[in-house]
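Printed here is model.txt (compact mmCIF, C-alpha atoms and all ligand atoms):
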# COMPACT_ATOMS: atom_id res chain seq x y z
CA MET A 1 51.73 156.58 114.72
CA ASN A 2 51.43 153.19 116.40
CA VAL A 3 54.87 152.08 117.54
CA PHE A 4 54.39 148.43 116.55
CA TYR A 5 53.20 149.35 113.08
CA LYS A 6 56.20 151.63 112.75
CA MET A 7 58.49 148.71 113.65
CA TYR A 8 56.72 146.55 111.09
CA CYS A 9 57.18 149.23 108.40
CA ARG A 10 60.88 149.70 109.14
CA THR A 11 61.42 145.92 109.04
CA PHE A 12 59.51 145.69 105.75
CA GLN A 13 61.69 148.45 104.25
CA ALA A 14 64.92 146.84 105.48
CA VAL A 15 63.97 143.43 104.07
CA LEU A 16 62.89 144.96 100.77
CA LYS A 17 66.18 146.85 100.54
CA GLN A 18 68.03 143.52 100.62
CA LEU A 19 65.61 141.66 98.34
CA ILE A 20 65.61 144.40 95.75
CA LYS A 21 69.32 143.78 95.15
CA LEU A 22 68.37 140.42 93.65
CA MET A 23 65.80 141.90 91.27
CA PRO A 24 66.17 142.22 87.48
CA TRP A 25 67.29 145.86 87.36
CA ARG A 26 67.89 147.32 83.96
CA LYS A 27 68.03 150.74 82.42
CA PRO A 28 66.46 151.80 79.15
CA GLU A 29 68.78 152.02 76.19
CA LEU A 30 69.42 155.73 75.61
CA LEU A 31 68.79 157.01 72.10
CA ARG A 32 69.55 160.58 71.15
CA PHE A 33 67.89 162.13 68.12
CA GLU A 34 67.28 165.63 66.84
CA ASN A 35 64.44 167.25 64.89
CA GLY A 36 61.62 166.06 67.09
CA ALA A 37 62.99 162.53 67.45
CA ALA A 38 62.27 161.88 63.77
CA GLY A 39 65.26 159.52 63.60
CA LEU A 40 63.41 157.05 65.79
CA ALA A 41 61.31 155.99 62.79
CA GLY A 42 64.25 154.37 61.00
CA PHE A 43 65.40 152.74 64.23
CA ILE A 44 61.96 151.21 64.76
CA LYS A 45 61.78 149.98 61.19
CA GLY A 46 65.21 148.45 61.66
CA LYS A 47 63.82 146.45 64.57
CA GLY A 48 61.29 144.87 62.22
CA ILE A 49 58.36 146.73 63.77
CA ASN A 50 55.76 147.72 61.18
CA SER A 51 52.97 149.14 63.32
CA VAL A 52 53.01 151.18 66.53
CA LEU A 53 50.63 152.84 68.94
CA VAL A 54 51.62 156.44 69.70
CA VAL A 55 50.28 157.68 73.04
CA THR A 56 50.24 161.46 73.51
CA ASP A 57 47.95 164.31 74.53
CA GLY A 58 45.72 166.69 72.58
CA ASN A 59 47.77 169.75 73.42
CA LEU A 60 50.95 168.24 71.98
CA MET A 61 49.09 167.17 68.84
CA LYS A 62 47.72 170.69 68.45
CA LEU A 63 51.21 172.12 68.85
CA GLY A 64 52.40 169.74 66.13
CA LEU A 65 55.19 168.43 68.34
CA CYS A 66 54.75 164.85 67.12
CA THR A 67 54.47 165.81 63.45
CA PRO A 68 58.13 165.28 62.43
CA MET A 69 58.13 161.83 64.05
CA LEU A 70 54.74 160.85 62.59
CA GLU A 71 55.83 161.97 59.12
CA ALA A 72 59.06 160.03 59.47
CA LEU A 73 57.16 156.90 60.53
CA GLU A 74 54.94 157.22 57.47
CA LYS A 75 57.98 157.64 55.24
CA GLU A 76 59.50 154.48 56.70
CA GLY A 77 56.23 152.61 56.11
CA VAL A 78 55.56 152.13 59.83
CA LYS A 79 51.84 152.41 60.56
CA ALA A 80 51.14 154.76 63.48
CA THR A 81 47.86 154.63 65.37
CA VAL A 82 47.65 157.77 67.51
CA TYR A 83 45.85 157.97 70.85
CA ASP A 84 45.86 161.63 71.90
CA LYS A 85 43.21 161.83 74.60
CA VAL A 86 45.50 161.47 77.62
CA VAL A 87 44.56 163.89 80.41
CA ALA A 88 46.83 165.26 83.15
CA ASN A 89 46.81 162.65 85.93
CA PRO A 90 45.91 159.95 83.36
CA THR A 91 42.96 157.70 84.07
CA ILE A 92 42.12 154.02 83.68
CA ASP A 93 39.69 155.05 80.92
CA ASN A 94 42.62 156.58 79.02
CA VAL A 95 44.51 153.30 79.32
CA GLU A 96 41.56 151.18 78.20
CA GLU A 97 40.73 153.40 75.19
CA ALA A 98 44.35 153.37 74.08
CA LEU A 99 44.58 149.62 74.64
CA LYS A 100 41.65 149.09 72.27
CA MET A 101 43.43 151.19 69.63
CA TYR A 102 46.62 149.18 70.16
CA HIS A 103 44.78 145.97 69.30
CA ASP A 104 42.55 147.45 66.56
CA GLY A 105 45.62 148.95 64.88
CA GLY A 106 47.57 145.68 65.05
CA ALA A 107 50.39 147.49 66.88
CA GLN A 108 53.62 145.68 67.69
CA GLY A 109 55.15 148.38 69.88
CA ILE A 110 54.34 151.54 71.84
CA ILE A 111 55.72 155.06 71.53
CA ALA A 112 55.01 157.21 74.60
CA PHE A 113 55.30 160.83 73.51
CA GLY A 114 54.83 163.58 76.06
CA GLY A 115 55.18 164.38 79.73
CA GLY A 116 54.61 161.96 82.57
CA SER A 117 50.91 161.72 81.78
CA PRO A 118 51.21 160.21 78.28
CA MET A 119 54.24 158.13 79.34
CA ASP A 120 52.40 156.62 82.30
CA CYS A 121 49.24 156.03 80.29
CA ALA A 122 51.36 154.25 77.66
CA LYS A 123 52.95 152.11 80.37
CA GLY A 124 49.45 151.22 81.55
CA VAL A 125 48.68 150.07 78.00
CA GLY A 126 51.90 148.05 77.92
CA ALA A 127 50.99 146.39 81.19
CA ARG A 128 47.51 145.54 79.91
CA VAL A 129 48.96 144.09 76.68
CA ALA A 130 51.24 141.96 78.83
CA ARG A 131 48.43 140.94 81.19
CA PRO A 132 45.19 141.04 79.16
CA LYS A 133 43.13 139.45 81.92
CA LYS A 134 44.40 141.65 84.75
CA PRO A 135 42.70 145.04 85.12
CA ILE A 136 44.72 148.07 86.23
CA PRO A 137 43.40 148.13 89.84
CA LYS A 138 44.75 144.60 90.28
CA MET A 139 48.23 145.81 89.26
CA LYS A 140 48.37 148.55 91.89
CA GLY A 141 51.44 148.34 94.11
CA ILE A 142 54.67 146.45 93.58
CA LEU A 143 55.56 143.50 91.34
CA LYS A 144 52.04 142.84 90.02
CA VAL A 145 52.71 143.01 86.27
CA GLY A 146 55.21 140.20 85.99
CA LYS A 147 55.28 139.88 82.19
CA LYS A 148 57.12 141.74 79.43
CA MET A 149 55.62 144.78 77.72
CA PRO A 150 55.83 145.05 73.93
CA PRO A 151 58.80 147.12 72.66
CA PHE A 152 58.41 150.47 74.42
CA PHE A 153 59.91 153.79 73.36
CA ALA A 154 59.58 156.72 75.80
CA ILE A 155 60.04 160.24 74.44
CA PRO A 156 59.79 162.82 77.25
CA THR A 157 58.69 166.33 76.32
CA THR A 158 58.84 167.68 79.88
CA SER A 159 61.93 167.50 82.08
CA GLY A 160 60.50 166.28 85.33
CA THR A 161 58.96 162.90 85.95
CA GLY A 162 61.79 160.65 84.78
CA SER A 163 59.11 158.16 83.75
CA GLU A 164 61.29 157.39 80.69
CA THR A 165 63.58 155.45 83.02
CA THR A 166 61.45 154.41 86.00
CA LEU A 167 59.57 151.23 86.78
CA ALA A 168 56.48 153.21 87.76
CA ALA A 169 53.24 154.24 86.09
CA VAL A 170 51.02 156.55 88.09
CA ILE A 171 47.37 156.12 87.15
CA THR A 172 44.19 157.75 88.44
CA ASP A 173 41.47 155.26 89.23
CA THR A 174 38.12 156.88 88.53
CA THR A 175 36.12 153.66 88.98
CA ASN A 176 34.33 155.28 91.91
CA PRO A 177 33.39 158.77 90.70
CA GLU A 178 33.02 160.02 94.29
CA HIS A 179 36.47 158.90 95.39
CA HIS A 180 39.18 159.07 92.78
CA LEU A 181 42.39 157.31 93.74
CA LYS A 182 45.81 157.95 92.27
CA TYR A 183 48.29 155.16 92.65
CA ALA A 184 51.46 153.72 91.21
CA ILE A 185 51.95 150.41 89.48
CA GLN A 186 55.58 149.48 90.05
CA ASP A 187 57.23 146.56 88.37
CA PHE A 188 60.38 145.90 86.34
CA PRO A 189 58.65 145.24 83.00
CA LEU A 190 57.45 148.88 83.09
CA ILE A 191 60.98 150.20 82.64
CA PRO A 192 60.92 151.45 79.03
CA HIS A 193 63.15 149.53 76.63
CA TYR A 194 64.29 152.76 75.03
CA ALA A 195 64.44 156.36 76.31
CA VAL A 196 64.63 158.81 73.46
CA LEU A 197 66.14 162.14 74.46
CA ASP A 198 65.80 165.20 72.25
CA PRO A 199 65.99 168.48 74.21
CA SER A 200 64.56 170.43 71.26
CA LEU A 201 61.19 168.87 72.16
CA THR A 202 61.23 170.80 75.44
CA ALA A 203 62.10 174.21 73.95
CA GLY A 204 58.45 175.30 73.78
CA LEU A 205 57.47 174.27 77.30
CA PRO A 206 55.51 177.11 78.91
CA GLN A 207 57.28 178.72 81.91
CA LYS A 208 54.76 177.27 84.34
CA VAL A 209 55.39 173.72 83.12
CA THR A 210 59.17 174.24 83.02
CA SER A 211 59.19 175.41 86.64
CA THR A 212 56.86 172.84 88.16
CA THR A 213 58.19 169.82 86.27
CA GLY A 214 61.74 170.91 87.12
CA MET A 215 60.77 171.02 90.80
CA ASP A 216 59.27 167.53 90.43
CA ALA A 217 62.70 166.32 89.30
CA LEU A 218 64.29 168.08 92.28
CA CYS A 219 61.78 166.42 94.56
CA HIS A 220 62.68 162.98 93.14
CA ALA A 221 66.37 163.60 93.75
CA VAL A 222 65.88 164.96 97.27
CA GLU A 223 63.33 162.39 98.44
CA ALA A 224 65.50 159.55 97.11
CA TYR A 225 68.60 161.03 98.76
CA ILE A 226 67.14 161.57 102.23
CA GLY A 227 65.49 158.13 102.28
CA ASN A 228 67.06 155.02 103.80
CA SER A 229 67.36 152.86 100.68
CA ASN A 230 70.12 154.55 98.74
CA THR A 231 72.88 152.81 96.85
CA LYS A 232 76.15 154.37 95.77
CA GLU A 233 74.65 154.91 92.32
CA THR A 234 71.37 156.47 93.48
CA LYS A 235 73.26 158.88 95.72
CA ALA A 236 75.56 159.91 92.88
CA LYS A 237 72.66 160.35 90.44
CA ALA A 238 70.63 162.37 92.96
CA GLU A 239 73.61 164.63 93.65
CA GLU A 240 74.20 165.11 89.94
CA ALA A 241 70.53 165.97 89.38
CA VAL A 242 70.51 168.49 92.26
CA LYS A 243 73.62 170.17 90.90
CA LEU A 244 72.15 170.43 87.40
CA ILE A 245 68.77 171.70 88.62
CA PHE A 246 70.31 174.40 90.80
CA THR A 247 72.48 175.49 87.88
CA TYR A 248 70.04 175.29 84.98
CA LEU A 249 66.38 175.36 86.03
CA LYS A 250 66.15 179.12 86.44
CA ARG A 251 67.98 179.56 83.14
CA ALA A 252 65.51 177.28 81.35
CA TYR A 253 62.68 179.16 83.05
CA ASP A 254 64.04 182.57 82.01
CA ASN A 255 64.73 181.56 78.44
CA GLY A 256 63.08 178.42 77.12
CA LYS A 257 65.25 178.54 74.02
CA ASP A 258 68.45 178.23 76.08
CA MET A 259 69.26 174.80 74.71
CA GLU A 260 72.22 174.22 77.02
CA ALA A 261 69.89 174.65 80.00
CA ARG A 262 67.18 172.51 78.37
CA GLU A 263 69.62 169.70 77.65
CA HIS A 264 70.95 169.70 81.21
CA MET A 265 67.43 169.76 82.66
CA GLN A 266 66.53 166.74 80.54
CA THR A 267 69.57 164.92 81.92
CA ALA A 268 68.69 166.02 85.46
CA ALA A 269 65.18 164.60 85.19
CA PHE A 270 66.57 161.35 83.82
CA ASP A 271 69.20 161.08 86.58
CA ALA A 272 66.67 161.87 89.29
CA GLY A 273 64.48 159.13 87.79
CA VAL A 274 67.37 156.66 87.98
CA ALA A 275 67.79 157.64 91.65
CA PHE A 276 64.21 157.34 92.81
CA THR A 277 63.20 154.29 90.83
CA ARG A 278 65.59 152.37 93.07
CA ALA A 279 65.63 154.53 96.24
CA TYR A 280 61.94 155.54 96.24
CA VAL A 281 60.21 158.85 96.73
CA GLY A 282 58.52 159.74 100.03
CA ASN A 283 55.82 161.60 101.91
CA VAL A 284 55.84 164.59 99.54
CA HIS A 285 54.79 162.31 96.69
CA ALA A 286 52.26 160.51 98.84
CA MET A 287 50.57 163.83 99.67
CA GLY A 288 50.79 165.13 96.12
CA HIS A 289 49.25 162.03 94.56
CA ALA A 290 46.27 162.32 96.91
CA MET A 291 45.84 165.95 95.85
CA GLY A 292 46.13 165.00 92.18
CA ALA A 293 43.32 162.48 92.64
CA LYS A 294 41.09 164.89 94.59
CA TYR A 295 41.65 168.24 92.90
CA ASN A 296 43.53 167.32 89.72
CA THR A 297 46.43 169.41 91.03
CA PRO A 298 49.30 169.30 88.51
CA HIS A 299 51.85 166.87 89.94
CA GLY A 300 54.86 169.17 89.68
CA LEU A 301 53.04 172.04 91.33
CA ALA A 302 52.07 169.85 94.26
CA MET A 303 55.69 168.69 94.61
CA ALA A 304 57.13 172.21 94.42
CA VAL A 305 54.81 173.56 97.10
CA ILE A 306 54.96 170.63 99.52
CA LEU A 307 58.71 169.87 99.31
CA PRO A 308 60.12 172.75 101.42
CA HIS A 309 57.38 172.35 104.04
CA MET A 310 58.18 168.68 104.41
CA LEU A 311 61.93 169.30 104.66
CA ASP A 312 61.27 171.84 107.42
CA TYR A 313 59.07 169.28 109.17
CA TYR A 314 61.76 166.55 109.04
CA GLY A 315 64.11 168.93 110.85
CA ALA A 316 67.36 167.69 112.41
CA LYS A 317 66.91 164.14 111.08
CA ILE A 318 67.99 165.23 107.62
CA TYR A 319 70.47 168.02 108.33
CA LYS A 320 73.49 165.90 107.49
CA LYS A 321 72.15 164.73 104.15
CA LEU A 322 70.78 168.13 103.17
CA ALA A 323 74.13 169.67 104.10
CA LYS A 324 75.74 167.38 101.52
CA LEU A 325 73.22 168.44 98.91
CA ALA A 326 73.92 172.06 99.85
CA ASP A 327 77.62 171.45 99.15
CA VAL A 328 76.73 169.97 95.78
CA ALA A 329 74.54 172.97 94.95
CA GLY A 330 77.22 175.43 96.05
CA ILE A 331 75.26 176.62 99.09
CA THR A 332 77.39 177.48 102.10
CA GLY A 333 76.98 177.49 105.89
CA LYS A 334 79.11 177.11 109.01
CA ASP A 335 77.76 173.66 109.99
CA ASP A 336 75.34 170.98 108.81
CA GLU A 337 72.30 172.65 110.34
CA GLU A 338 73.04 175.99 108.78
CA LYS A 339 73.75 174.43 105.39
CA ALA A 340 70.57 172.32 105.51
CA LYS A 341 68.45 175.33 106.40
CA ALA A 342 70.10 177.36 103.65
CA PHE A 343 69.35 174.53 101.19
CA ILE A 344 65.65 174.57 102.14
CA GLN A 345 65.62 178.35 101.87
CA ALA A 346 67.20 178.08 98.42
CA ILE A 347 64.32 175.82 97.33
CA LYS A 348 61.84 178.38 98.66
CA ASP A 349 63.71 181.15 96.85
CA MET A 350 63.73 179.18 93.60
CA ASN A 351 59.96 178.66 93.93
CA ALA A 352 59.44 182.37 94.57
CA TYR A 353 61.64 183.31 91.60
CA MET A 354 59.51 181.10 89.35
CA ASN A 355 56.20 182.40 90.77
CA ILE A 356 55.32 179.14 92.50
CA PRO A 357 53.15 179.90 95.54
CA GLU A 358 54.15 179.02 99.12
CA ASN A 359 50.87 177.24 99.77
CA PHE A 360 47.69 176.20 98.00
CA GLY A 361 45.75 179.31 98.99
CA GLY A 362 42.90 177.48 100.62
CA ILE A 363 42.04 175.02 97.83
CA ILE A 364 42.21 172.13 100.28
CA LYS A 365 38.75 171.65 101.77
CA LYS A 366 38.70 170.63 105.41
CA GLU A 367 36.15 167.89 104.78
CA ASP A 368 38.44 166.28 102.14
CA VAL A 369 41.43 166.02 104.46
CA PRO A 370 40.60 162.67 106.12
CA GLU A 371 40.21 161.00 102.72
CA MET A 372 43.49 162.43 101.44
CA CYS A 373 45.30 161.52 104.65
CA GLU A 374 44.07 157.96 104.30
CA ALA A 375 45.39 157.79 100.72
CA ALA A 376 48.73 159.43 101.55
CA TYR A 377 49.22 157.24 104.62
CA LYS A 378 48.52 154.07 102.63
CA GLU A 379 50.83 155.08 99.81
CA ALA A 380 53.72 155.95 102.12
CA ASN A 381 53.45 153.02 104.52
CA PRO A 382 54.95 150.52 104.71
CA LEU A 383 56.78 151.10 101.39
CA TYR A 384 58.63 154.42 101.51
CA PRO A 385 61.85 154.42 103.57
CA VAL A 386 61.32 158.03 104.64
CA PRO A 387 63.47 159.76 107.27
CA VAL A 388 60.44 160.41 109.48
CA MET A 389 57.39 158.19 109.25
CA MET A 390 54.05 159.97 109.32
CA GLY A 391 50.74 158.87 110.76
CA LYS A 392 47.40 160.06 109.47
CA GLU A 393 47.33 162.81 112.08
CA ASP A 394 50.72 164.07 110.84
CA PHE A 395 49.49 164.15 107.25
CA ALA A 396 46.38 166.03 108.42
CA LYS A 397 48.54 168.62 110.13
CA MET A 398 50.60 169.09 106.98
CA TYR A 399 47.55 169.42 104.73
CA LEU A 400 45.73 171.84 106.98
CA GLU A 401 48.13 173.95 108.96
CA VAL A 402 51.04 174.21 106.58
CA LEU A 403 49.66 173.89 103.10
CA ASN A 404 46.69 176.19 103.44
CA GLY A 405 48.91 178.94 104.80
N1 LIG B 501 56.11 157.23 86.28
C1 LIG B 501 56.83 157.96 87.08
O1 LIG B 501 57.90 157.53 87.49
C2 LIG B 501 56.34 159.32 87.49
C3 LIG B 501 57.13 160.13 88.30
C4 LIG B 501 56.64 161.39 88.65
C5 LIG B 501 55.40 161.81 88.18
N2 LIG B 501 54.64 161.00 87.41
C6 LIG B 501 53.31 161.38 86.91
O2 LIG B 501 53.46 162.14 85.71
C7 LIG B 501 52.33 163.01 85.55
C8 LIG B 501 52.78 164.44 85.33
O3 LIG B 501 53.59 164.53 84.20
P1 LIG B 501 54.24 165.94 83.75
O4 LIG B 501 54.54 166.73 84.96
O5 LIG B 501 55.31 165.65 82.81
O6 LIG B 501 53.02 166.70 83.05
P2 LIG B 501 51.97 166.27 81.93
O7 LIG B 501 52.42 165.14 81.12
O8 LIG B 501 50.64 166.14 82.61
O9 LIG B 501 51.97 167.59 81.01
C9 LIG B 501 51.60 168.85 81.56
C10 LIG B 501 51.20 169.80 80.45
O10 LIG B 501 52.34 170.20 79.71
C11 LIG B 501 52.10 170.06 78.32
N3 LIG B 501 53.37 169.78 77.65
C12 LIG B 501 54.13 168.68 77.78
N4 LIG B 501 55.24 168.80 77.04
C13 LIG B 501 55.16 169.98 76.40
C14 LIG B 501 56.01 170.67 75.48
N5 LIG B 501 57.19 170.17 75.12
N6 LIG B 501 55.62 171.87 75.02
C15 LIG B 501 54.44 172.42 75.43
N7 LIG B 501 53.59 171.82 76.29
C16 LIG B 501 53.96 170.62 76.79
C17 LIG B 501 51.10 168.94 78.22
O11 LIG B 501 50.40 168.97 77.00
C18 LIG B 501 50.23 169.21 79.43
O12 LIG B 501 49.26 170.17 79.11
C19 LIG B 501 51.53 162.88 86.84
O13 LIG B 501 50.42 162.05 86.65
C20 LIG B 501 52.52 162.28 87.82
O14 LIG B 501 51.90 161.58 88.88
C21 LIG B 501 55.11 159.77 87.05
FE FE B 502 57.14 163.12 90.92
Let me see the file written as structure tokens.
Ligand SMILES: NC(=O)c1ccc[n+]([C@@H]2O[C@H](COP(=O)([O-])OP(=O)(O)OC[C@H]3O[C@@H](n4cnc5c(N)ncnc54)[C@H](O)[C@@H]3O)[C@@H](O)[C@H]2O)c1
Ligand SMILES: [Fe+2]
Amino acid sequence: MNVFYKMYCRTFQAVLKQLIKLMPWRKPELLRFENGAAGLAGFIKGKGINSVLVVTDGNLMKLGLCTPMLEALEKEGVKATVYDKVVANPTIDNVEEALKMYHDGGAQGIIAFGGGSPMDCAKGVGARVARPKKPIPKMKGILKVGKKMPPFFAIPTTSGTGSETTLAAVITDTTNPEHHLKYAIQDFPLIPHYAVLDPSLTAGLPQKVTSTTGMDALCHAVEAYIGNSNTKETKAKAEEAVKLIFTYLKRAYDNGKDMEAREHMQTAAFDAGVAFTRAYVGNVHAMGHAMGAKYNTPHGLAMAVILPHMLDYYGAKIYKKLAKLADVAGITGKDDEEKAKAFIQAIKDMNAYMNIPENFGGIIKKEDVPEMCEAAYKEANPLYPVPVMMGKEDFAKMYLEVLNG
């Protein structure tokens, strides 16, 4: 990587770290309901909202997960217009279709119901309501929304992305069918006004989704923690999330109906979201987003597979911080290096326990690598305050040599 560009990036990150302290940080108000978040209906009615857009996906509708809430909304006399066509790695088309339904239905607020995909699509709708003349590609990057969303209620049904508390919406731009791009819109108005937590909604998560979304949450906590833009609060939240994930993820994986484990995993995902929304993610996310755009790889799976490889690659630079996380997770060693290596091994072991592969088994095509490197490089630089900055050639090495096994 060019040494002058590297200096520019580090300066950019240091300046942003100071500026960000002056920004309008807020957290969503936490609401806890049971029975499929049905209690939200009365709360919404109490706010004087008579019509909402519900953004979800077809699978969740089929499973009937939203039914108790939709029935409760009807009972309260709140009109619900449901958009349920969100795909994994949600697209601009999803956002635009849902936006039309928001306006056609005369909605006054948005309920995002689902995993990161419906939540991010709903945030895209909120951003477009706020900025009707600004298309999604023009909002890519940081601080491009700039105006308030309508009242926004986020109900996570996976325990991973933390989107219910973050300022990010990750959208796939399919404008050019040959070259899909996946990028984040990051601005303060995208922080949901309300995060509605009901662990019972996650009880039916299939094992594969439990494992990969849980590893996404771990990746948020770890990438935030090893980056250079931590605050006291982001460090504490990341540590708390790591502790909870090491204690409860395998339990939730083994028995989805273990509600203690489910509840703690929901908290872990939320805490990890609080950590990374302020302290950023890093190169693992940059690589994973490029794979999501190219191969539609589920986000959590990409994170789970790439994370230990990247931590190995960072090497001695992160031993001290990983040693602290090892302490938090109850992993022992005689010095920082040994603890850090044991922590990485524990991540690999957790992946293996949950049947997550060590690599992508050759799905990455050699001819696609330059395009993905370009996307990952642009996402990571200059924004992410990562412990080791990576040039395109470094990303290429990771994609090819490490990830294909
Ligand atoms: N905004 C952010 O801060 C942020 C952070 C990380 C990731 N993301 C984005 O979030 C998206 C991934 O979200 P995700 O990992 O939550 O997956 P997802 O929303 O794509 O859902 C994955 C699958 O799980 C199913 N599912 C969800 N909840 C279920 C439940 N309770 N029971 C049964 N099935 C259920 C869905 O129907 C879907 O088939 C990606 O696009 C990623 O880039 C956003
Ligand atoms: Fe993530």
Pick out the residues no farther than 6 Å from ligand FE 502 (chain B), counting only C-alpha atoms and all ligand atoms, and list them as a list in words. Thr161, Asp216 and His220 of chain A
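Take CA of Val388 in chain A and CA of Lys317 in chain A: the distance between them is 7.6 Å.
Proximity ranking of A:Cys121, A:Leu143, A:Ile245, A:Ala72 relative to Met23 in chain A places A:Leu143 first, based on all atoms listed in the file.
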Report the distance between CA of Glu358 in chain A and CA of Asp312 in chain A in Å, rounded to one decimal place. 13.1 Å
Determine, counting all atoms listed in the file, which protein, DNA and RNA residues have an atom within 12 Å of an atom of Glu96 in chain A; residues of the same chain fewer than 5 positions away are not included. Present the result as a count of residues only. 23
Pull range 307-331 of chain A out of the block and emit C-alpha atoms, as an mmCIF file, in the first residue's frame.
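Result saved to result_22.cif:
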data_model
loop_
_atom_site.group_PDB
_atom_site.id
_atom_site.type_symbol
_atom_site.label_atom_id
_atom_site.label_comp_id
_atom_site.auth_asym_id
_atom_site.auth_seq_id
_atom_site.Cartn_x
_atom_site.Cartn_y
_atom_site.Cartn_z
ATOM 1 C CA LEU A 307 -12.718 -13.463 10.948
ATOM 2 C CA PRO A 308 -10.149 -16.003 12.234
ATOM 3 C CA HIS A 309 -8.088 -15.741 9.039
ATOM 4 C CA MET A 310 -7.921 -11.982 9.389
ATOM 5 C CA LEU A 311 -6.972 -12.157 13.074
ATOM 6 C CA ASP A 312 -4.144 -14.547 12.184
ATOM 7 C CA TYR A 313 -3.043 -12.142 9.457
ATOM 8 C CA TYR A 314 -2.947 -9.143 11.839
ATOM 9 C CA GLY A 315 -0.548 -11.105 14.050
ATOM 10 C CA ALA A 316 1.429 -9.398 16.816
ATOM 11 C CA LYS A 317 -0.274 -6.024 16.265
ATOM 12 C CA ILE A 318 -3.377 -7.225 18.063
ATOM 13 C CA TYR A 319 -2.004 -9.656 20.636
ATOM 14 C CA LYS A 320 -2.496 -7.270 23.527
ATOM 15 C CA LYS A 321 -6.113 -6.494 22.711
ATOM 16 C CA LEU A 322 -7.001 -10.086 21.890
ATOM 17 C CA ALA A 323 -5.373 -11.172 25.153
ATOM 18 C CA LYS A 324 -7.831 -8.899 26.967
ATOM 19 C CA LEU A 325 -10.732 -10.421 25.081
ATOM 20 C CA ALA A 326 -9.364 -13.860 25.954
ATOM 21 C CA ASP A 327 -9.465 -12.881 29.644
ATOM 22 C CA VAL A 328 -13.057 -11.757 29.233
ATOM 23 C CA ALA A 329 -13.987 -15.040 27.537
ATOM 24 C CA GLY A 330 -12.221 -17.091 30.211
ATOM 25 C CA ILE A 331 -9.467 -18.276 27.860
#
